[in-house]
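Source file: my_file-v7.pdb; contents: PDB, C-alpha atoms.
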MODEL        1
ATOM      1  CA  ARG B   1     -23.810  -8.784  -1.584
ATOM      2  CA  PHE B   2     -25.058  -6.683  -4.486
ATOM      3  CA  PRO B   3     -28.513  -6.876  -6.104
ATOM      4  CA  THR B   4     -28.744  -9.228  -9.072
ATOM      5  CA  SER B   5     -31.965  -7.745 -10.417
ATOM      6  CA  THR B   6     -31.944  -6.524 -14.012
ATOM      7  CA  ASN B   7     -34.368  -3.715 -13.178
ATOM      8  CA  SER B   8     -32.378  -0.660 -14.278
ATOM      9  CA  SER B   9     -34.530   1.772 -12.271
ATOM     10  CA  LYS B  10     -33.422   0.087  -9.019
ATOM     11  CA  MET B  11     -29.892  -0.826  -9.978
ATOM     12  CA  GLY B  12     -28.665   2.307 -11.722
ATOM     13  CA  GLY B  13     -25.784   2.374 -14.195
ATOM     14  CA  ALA B  14     -22.211   1.148 -14.049
ATOM     15  CA  HIS B  15     -21.074   4.182 -12.068
ATOM     16  CA  LYS B  16     -23.680   3.499  -9.394
ATOM     17  CA  TYR B  17     -22.425  -0.069  -9.145
ATOM     18  CA  MET B  18     -18.826   1.174  -8.758
ATOM     19  CA  GLU B  19     -19.934   3.649  -6.108
ATOM     20  CA  GLU B  20     -21.448   0.813  -4.076
ATOM     21  CA  LEU B  21     -18.260  -1.242  -4.491
ATOM     22  CA  TRP B  22     -16.140   1.564  -3.052
ATOM     23  CA  ARG B  23     -18.453   1.788  -0.055
ATOM     24  CA  LYS B  24     -17.616  -1.841   0.753
ATOM     25  CA  LYS B  25     -13.807  -1.689   0.931
ATOM     26  CA  GLN B  26     -13.695  -4.731   3.226
ATOM     27  CA  SER B  27     -15.410  -7.004   0.687
ATOM     28  CA  ASP B  28     -13.316  -9.801  -0.852
ATOM     29  CA  VAL B  29     -13.303  -8.143  -4.285
ATOM     30  CA  MET B  30     -12.097  -4.757  -3.038
ATOM     31  CA  ARG B  31      -9.539  -6.183  -0.612
ATOM     32  CA  PHE B  32      -7.950  -8.156  -3.442
ATOM     33  CA  LEU B  33      -8.050  -5.216  -5.876
ATOM     34  CA  LEU B  34      -6.623  -2.727  -3.392
ATOM     35  CA  ARG B  35      -3.851  -5.113  -2.356
ATOM     36  CA  VAL B  36      -2.752  -5.707  -5.953
ATOM     37  CA  ARG B  37      -2.968  -2.018  -6.841
ATOM     38  CA  ALA B  38      -1.000  -0.991  -3.740
ATOM     39  CA  TRP B  39       1.841  -3.248  -4.883
ATOM     40  CA  GLU B  40       1.786  -1.589  -8.323
ATOM     41  CA  TYR B  41       1.719   1.935  -6.866
ATOM     42  CA  ARG B  42       4.764   1.195  -4.681
ATOM     43  CA  GLN B  43       6.865   0.436  -7.774
ATOM     44  CA  LEU B  44       6.042   3.797  -9.402
ATOM     45  CA  PRO B  45       7.315   7.322  -8.601
ATOM     46  CA  LYS B  46       5.537   9.228  -5.823
ATOM     47  CA  ILE B  47       3.904  11.598  -8.344
ATOM     48  CA  TRP B  48       2.666   9.784 -11.443
ATOM     49  CA  ARG B  49       0.370  10.870 -14.258
ATOM     50  CA  VAL B  50      -2.378   8.307 -14.884
ATOM     51  CA  VAL B  51      -4.037   7.732 -18.238
ATOM     52  CA  LYS B  52      -7.548   7.734 -16.776
ATOM     53  CA  PRO B  53      -9.028   7.926 -13.268
ATOM     54  CA  THR B  54      -9.011   4.808 -11.099
ATOM     55  CA  ARG B  55     -12.448   5.846  -9.828
ATOM     56  CA  PRO B  56     -14.258   7.391 -12.829
ATOM     57  CA  GLU B  57     -17.567   7.798 -10.985
ATOM     58  CA  LYS B  58     -15.873   9.705  -8.142
ATOM     59  CA  ALA B  59     -13.793  11.823 -10.529
ATOM     60  CA  ARG B  60     -16.877  12.867 -12.502
ATOM     61  CA  ARG B  61     -18.688  13.853  -9.298
ATOM     62  CA  LEU B  62     -15.737  16.103  -8.484
ATOM     63  CA  GLY B  63     -15.733  17.828 -11.877
ATOM     64  CA  TYR B  64     -13.583  15.634 -14.138
ATOM     65  CA  LYS B  65     -14.489  15.295 -17.819
ATOM     66  CA  ALA B  66     -12.868  12.894 -20.279
ATOM     67  CA  LYS B  67     -11.829  15.613 -22.704
ATOM     68  CA  GLN B  68      -8.853  17.796 -23.560
ATOM     69  CA  GLY B  69      -7.568  20.074 -20.815
ATOM     70  CA  TYR B  70      -8.140  17.644 -17.918
ATOM     71  CA  VAL B  71      -5.244  15.707 -16.336
ATOM     72  CA  VAL B  72      -5.114  13.225 -13.430
ATOM     73  CA  TYR B  73      -2.047  12.587 -11.256
ATOM     74  CA  ARG B  74      -1.628   9.972  -8.549
ATOM     75  CA  VAL B  75       0.319  11.080  -5.468
ATOM     76  CA  ALA B  76       1.740   8.993  -2.601
ATOM     77  CA  VAL B  77       1.917  10.759   0.775
ATOM     78  CA  ARG B  78       3.650   9.204   3.767
ATOM     79  CA  ARG B  79       1.191   8.332   6.533
ATOM     80  CA  GLY B  80       1.434   9.274  10.191
ATOM     81  CA  GLY B  81       1.958  12.365  12.318
ATOM     82  CA  ARG B  82       4.423  15.162  11.661
ATOM     83  CA  LYS B  83       7.604  15.127  13.747
ATOM     84  CA  ARG B  84       8.784  18.538  14.905
ATOM     85  CA  GLN B  85      11.862  19.683  12.980
ATOM     86  CA  ASN B  86      14.256  20.465  15.839
ATOM     87  CA  LYS B  87      17.909  19.458  15.687
ATOM     88  CA  GLY B  88      18.542  16.657  18.158
ATOM     89  CA  GLY B  89      14.979  16.965  19.383
ATOM     90  CA  VAL B  90      15.974  19.981  21.511
ATOM     91  CA  VAL B  91      13.470  22.813  21.927
ATOM     92  CA  TYR B  92      15.029  25.849  23.585
ATOM     93  CA  GLY B  93      11.935  27.110  25.335
ATOM     94  CA  LYS B  94       9.186  26.260  27.756
ATOM     95  CA  PRO B  95       8.456  22.646  28.739
ATOM     96  CA  LYS B  96       5.038  23.094  27.135
ATOM     97  CA  HIS B  97       6.695  23.145  23.702
ATOM     98  CA  HIS B  98       9.097  20.226  24.242
ATOM     99  CA  GLY B  99       6.986  17.721  22.295
ATOM    100  CA  ILE B 100       8.734  16.189  19.274
ATOM    101  CA  ASN B 101       7.112  12.925  18.214
ATOM    102  CA  GLU B 102       3.400  12.841  18.970
ATOM    103  CA  LEU B 103       2.418  16.002  17.094
ATOM    104  CA  LYS B 104      -0.357  15.897  14.493
ATOM    105  CA  SER B 105      -0.501  18.096  11.414
ATOM    106  CA  THR B 106      -3.468  20.432  11.036
ATOM    107  CA  LYS B 107      -3.541  19.747   7.294
ATOM    108  CA  ASN B 108      -5.001  16.490   6.070
ATOM    109  CA  LEU B 109      -2.925  14.252   3.808
ATOM    110  CA  ARG B 110      -5.213  14.878   0.830
ATOM    111  CA  SER B 111      -4.417  18.582   0.997
ATOM    112  CA  VAL B 112      -0.688  17.762   1.194
ATOM    113  CA  ALA B 113      -1.024  15.603  -1.936
ATOM    114  CA  GLU B 114      -2.711  18.463  -3.820
ATOM    115  CA  GLU B 115       0.065  20.883  -2.853
ATOM    116  CA  ARG B 116       2.802  18.524  -4.002
ATOM    117  CA  VAL B 117       1.358  17.940  -7.444
ATOM    118  CA  GLY B 118       0.509  21.641  -7.689
ATOM    119  CA  ARG B 119       4.180  22.514  -7.195
ATOM    120  CA  LYS B 120       5.234  19.973  -9.805
ATOM    121  CA  CYS B 121       2.674  21.120 -12.393
ATOM    122  CA  GLY B 122       2.905  24.890 -12.009
ATOM    123  CA  GLY B 123       0.987  25.704 -15.201
ATOM    124  CA  LEU B 124      -2.080  23.646 -14.225
ATOM    125  CA  ARG B 125      -4.834  24.398 -11.706
ATOM    126  CA  VAL B 126      -5.873  21.871  -9.050
ATOM    127  CA  LEU B 127      -9.602  21.199  -9.278
ATOM    128  CA  ASN B 128     -10.150  18.463  -6.689
ATOM    129  CA  SER B 129      -8.837  15.118  -5.413
ATOM    130  CA  TYR B 130      -9.976  11.806  -3.950
ATOM    131  CA  PHE B 131      -8.617   8.762  -2.069
ATOM    132  CA  VAL B 132      -7.667   5.649  -4.044
ATOM    133  CA  ASN B 133      -5.579   3.387  -1.796
ATOM    134  CA  ARG B 134      -3.326   2.992   1.214
ATOM    135  CA  ASP B 135      -0.758   0.586   2.601
ATOM    136  CA  SER B 136       1.339   0.492   5.766
ATOM    137  CA  THR B 137       3.488   3.472   4.713
ATOM    138  CA  TYR B 138       1.589   5.626   2.195
ATOM    139  CA  LYS B 139      -1.829   6.954   1.347
ATOM    140  CA  TYR B 140      -2.522   7.347  -2.356
ATOM    141  CA  PHE B 141      -4.678  10.124  -3.811
ATOM    142  CA  GLU B 142      -5.578  11.069  -7.351
ATOM    143  CA  VAL B 143      -5.615  14.798  -8.093
ATOM    144  CA  ILE B 144      -7.656  16.326 -10.942
ATOM    145  CA  LEU B 145      -5.896  19.209 -12.684
ATOM    146  CA  VAL B 146      -7.085  21.590 -15.378
ATOM    147  CA  ASP B 147      -5.084  23.455 -18.039
ATOM    148  CA  PRO B 148      -6.308  27.099 -17.824
ATOM    149  CA  MET B 149      -4.724  27.973 -21.181
ATOM    150  CA  HIS B 150      -6.503  25.258 -23.186
ATOM    151  CA  ASN B 151      -9.314  26.513 -25.431
ATOM    152  CA  ALA B 152     -11.499  23.526 -24.503
ATOM    153  CA  ILE B 153     -11.413  24.822 -20.918
ATOM    154  CA  ARG B 154     -11.580  28.550 -21.648
ATOM    155  CA  ARG B 155     -14.689  28.109 -23.845
ATOM    156  CA  ASP B 156     -16.565  25.828 -21.437
ATOM    157  CA  PRO B 157     -18.974  27.890 -19.273
ATOM    158  CA  LYS B 158     -18.973  25.229 -16.535
ATOM    159  CA  ILE B 159     -15.209  25.263 -15.883
ATOM    160  CA  GLN B 160     -13.894  28.550 -17.296
ATOM    161  CA  TRP B 161     -14.072  30.129 -13.799
ATOM    162  CA  ILE B 162     -10.808  28.353 -12.954
ATOM    163  CA  CYS B 163      -8.965  30.321 -15.665
ATOM    164  CA  SER B 164      -9.180  33.496 -13.573
ATOM    165  CA  ASN B 165      -5.876  34.657 -12.051
ATOM    166  CA  LYS B 166      -7.308  34.562  -8.546
ATOM    167  CA  HIS B 167      -7.326  30.750  -8.748
ATOM    168  CA  LYS B 168      -3.547  30.433  -9.165
ATOM    169  CA  ARG B 169      -2.134  27.933  -6.630
ATOM    170  CA  ARG B 170      -5.560  27.600  -5.045
ATOM    171  CA  GLU B 171      -4.477  24.353  -3.359
ATOM    172  CA  ALA B 172      -1.642  26.177  -1.539
ATOM    173  CA  ARG B 173      -4.091  28.738  -0.133
ATOM    174  CA  GLY B 174      -6.617  26.243   1.191
ATOM    175  CA  LEU B 175      -9.306  26.951  -1.412
ATOM    176  CA  THR B 176      -9.910  23.379  -2.594
ATOM    177  CA  ALA B 177     -12.371  21.083  -0.813
ATOM    178  CA  ALA B 178      -9.567  19.412   1.173
ATOM    179  CA  GLY B 179      -8.127  22.796   2.115
ATOM    180  CA  ARG B 180     -11.471  24.194   3.233
ATOM    181  CA  LYS B 181     -11.974  21.092   5.355
ATOM    182  CA  HIS B 182      -8.784  21.488   7.410
ATOM    183  CA  ARG B 183      -9.462  25.236   7.734
ATOM    184  CA  GLY B 184     -12.874  24.432   9.198
ATOM    185  CA  VAL B 185     -14.854  26.509   6.687
ATOM    186  CA  THR B 186     -17.039  23.870   5.047
ATOM    187  CA  VAL B 187     -20.151  25.125   6.909
ATOM    188  CA  ARG B 188     -22.383  27.718   5.253
ATOM    189  CA  GLY B 189     -25.162  29.965   6.474
ATOM    190  CA  HIS B 190     -25.890  31.412   9.899
ATOM    191  CA  LYS B 191     -24.010  28.574  11.629
ATOM    192  CA  ALA B 192     -20.748  29.672  10.040
ATOM    193  CA  HIS B 193     -20.295  32.969  11.894
ATOM    194  CA  LYS B 194     -17.301  31.667  13.844
ATOM    195  CA  THR B 195     -15.433  30.740  10.662
ATOM    196  CA  GLN B 196     -15.554  34.158   8.990
ATOM    197  CA  GLY B 197     -12.179  35.711   8.331
ATOM    198  CA  GLY B 198     -10.361  32.727   6.808
ATOM    199  CA  SER B 199     -10.655  29.967   9.408
ATOM    200  CA  GLN B 200     -11.871  29.198  12.922
ATOM    201  CA  LYS B 201      -8.431  30.032  14.266
ATOM    202  CA  ALA B 202      -8.253  33.370  12.410
ATOM    203  CA  ASN B 203     -11.738  34.276  13.625
ATOM    204  CA  TRP B 204     -10.882  33.462  17.261
ATOM    205  CA  LYS B 205      -7.605  35.394  17.070
ATOM    206  CA  ARG B 206      -9.251  38.486  15.610
ATOM    207  CA  GLN B 207     -11.998  38.510  18.228
ATOM    208  CA  ASN B 208      -9.595  37.944  21.138
ATOM    209  CA  THR B 209      -6.886  40.420  20.177
ATOM    210  CA  LYS B 210      -6.992  43.862  21.723
ATOM    211  CA  LYS B 211      -6.219  46.530  19.118
ATOM    212  CA  MET B 212      -5.295  50.094  20.027
ATOM    213  CA  TRP B 213      -4.231  53.162  18.119
ATOM    214  CA  ARG B 214      -0.518  53.782  18.263
ATOM    215  CA  TYR B 215      -1.071  57.437  19.172
ATOM    216  CA  ARG B 216      -4.051  57.737  21.509
TER     217      ARG B 216
ENDMDL
END

Step by step, read the file and then write its structure as structure tokens.
Amino acid sequence: RFPTSTNSSKMGGAHKYMEELWRKKQSDVMRFLLRVRAWEYRQLPKIWRVVKPTRPEKARRLGYKAKQGYVVYRVAVRRGGRKRQNKGGVVYGKPKHHGINELKSTKNLRSVAEERVGRKCGGLRVLNSYFVNRDSTYKYFEVILVDPMHNAIRRDPKIQWICSNKHKRREARGLTAAGRKHRGVTVRGHKAHKTQGGSQKANWKRQNTKKMWRYR
């Protein structure tokens, strides 16, 4: 149930109301909405440009603005683990590496969605993304993209950082929020010492690899 009070100081605006709705995905309203929308999404291509965000309050929290230079795409990513790509399921190696079916991808599906739309829209920069729906086969995400050549973006002090060349294909290098999450580098401060160097795995490898001069 949601509060019926008209006191605006307690209730907040429309976006606050929508935020509370999305926290209750098992409510009757959201179950009906998500079921109907999932049917619609299944009829559309896997990568589809949307006119406006399905979750405007979430998109704005992630940096979206309803002005020129911002684009939103919806992406469907197949759910489940990632089967090893070996012909006939044969791994010519140790028994330890014989697994085919029950392997799990290190990347999360949201990061995969960002990479796919980033490849399709090469001239745009991926800003962020968020979950919108799922069914038995797919998870659906909406990805916020920015046009780095648009003057409305280049002249805006809050977003012009993304126009720099070092942010090309940032989603493919694990620099978005979803990418940083699967790399394990979302922690900051003195607790993040074991993530320095790119990721937890890179840090462990560097510290556990013996390096010697070639001529010594």

TODO: Using the chain letters and numbering of this document, enumerate as a ChimeraX atom specification the residues selected by the PyMOL selection byres ((chain B and resi 161-176) around 12).
DONE: /B:62-63,69,106-108,110-130,143-160,177-186,198-199

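If you measure from each of B:Lys94, B:Lys46, B:Lys194, B:Arg60 to Val75 (chain B) using all atoms listed in the file, the closest one turns out to be B:Lys46.
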
Task: Two-atom distance - CA of Gln43 (chain B), CA of Val71 (chain B) (Å) - done: 21.3 Å

- [ ] Kindly give the distance, in Å, that separates CA of Asn101 (chain B) and CA of Lys83 (chain B), rounded to a single decimal.
- [x]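 Spanning CA of Asn101 (chain B) to CA of Lys83 (chain B) is a straight-line distance of 5.0 Å.
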
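The space separating CA of Leu34 (chain B) from CA of Lys67 (chain B) comes to 27.1 Å.
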
Task: Residues in the PyMOL selection byres ((chain B and resi 77) around 7), expressed as a list in words - done: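 That expression, the PyMOL selection byres ((chain B and resi 77) around 7), corresponds here to Val75, Ala76, Arg78, Arg79, Leu109, Ala113, Tyr138, Lys139 and Tyr140 of chain B.
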
- [ ] Determine, counting only C-alpha atoms, every residue of protein, DNA or RNA that lies within 12 Å of (12.0, 22.3, 16.6) in the file coordinates, then give the result as a list in words.
- [x] Arg82, Lys83, Arg84, Gln85, Asn86, Lys87, Gly88, Gly89, Val90, Val91, Tyr92, Gly93, His97, His98, Gly99, Ile100, Asn101 and Leu103 of chain B
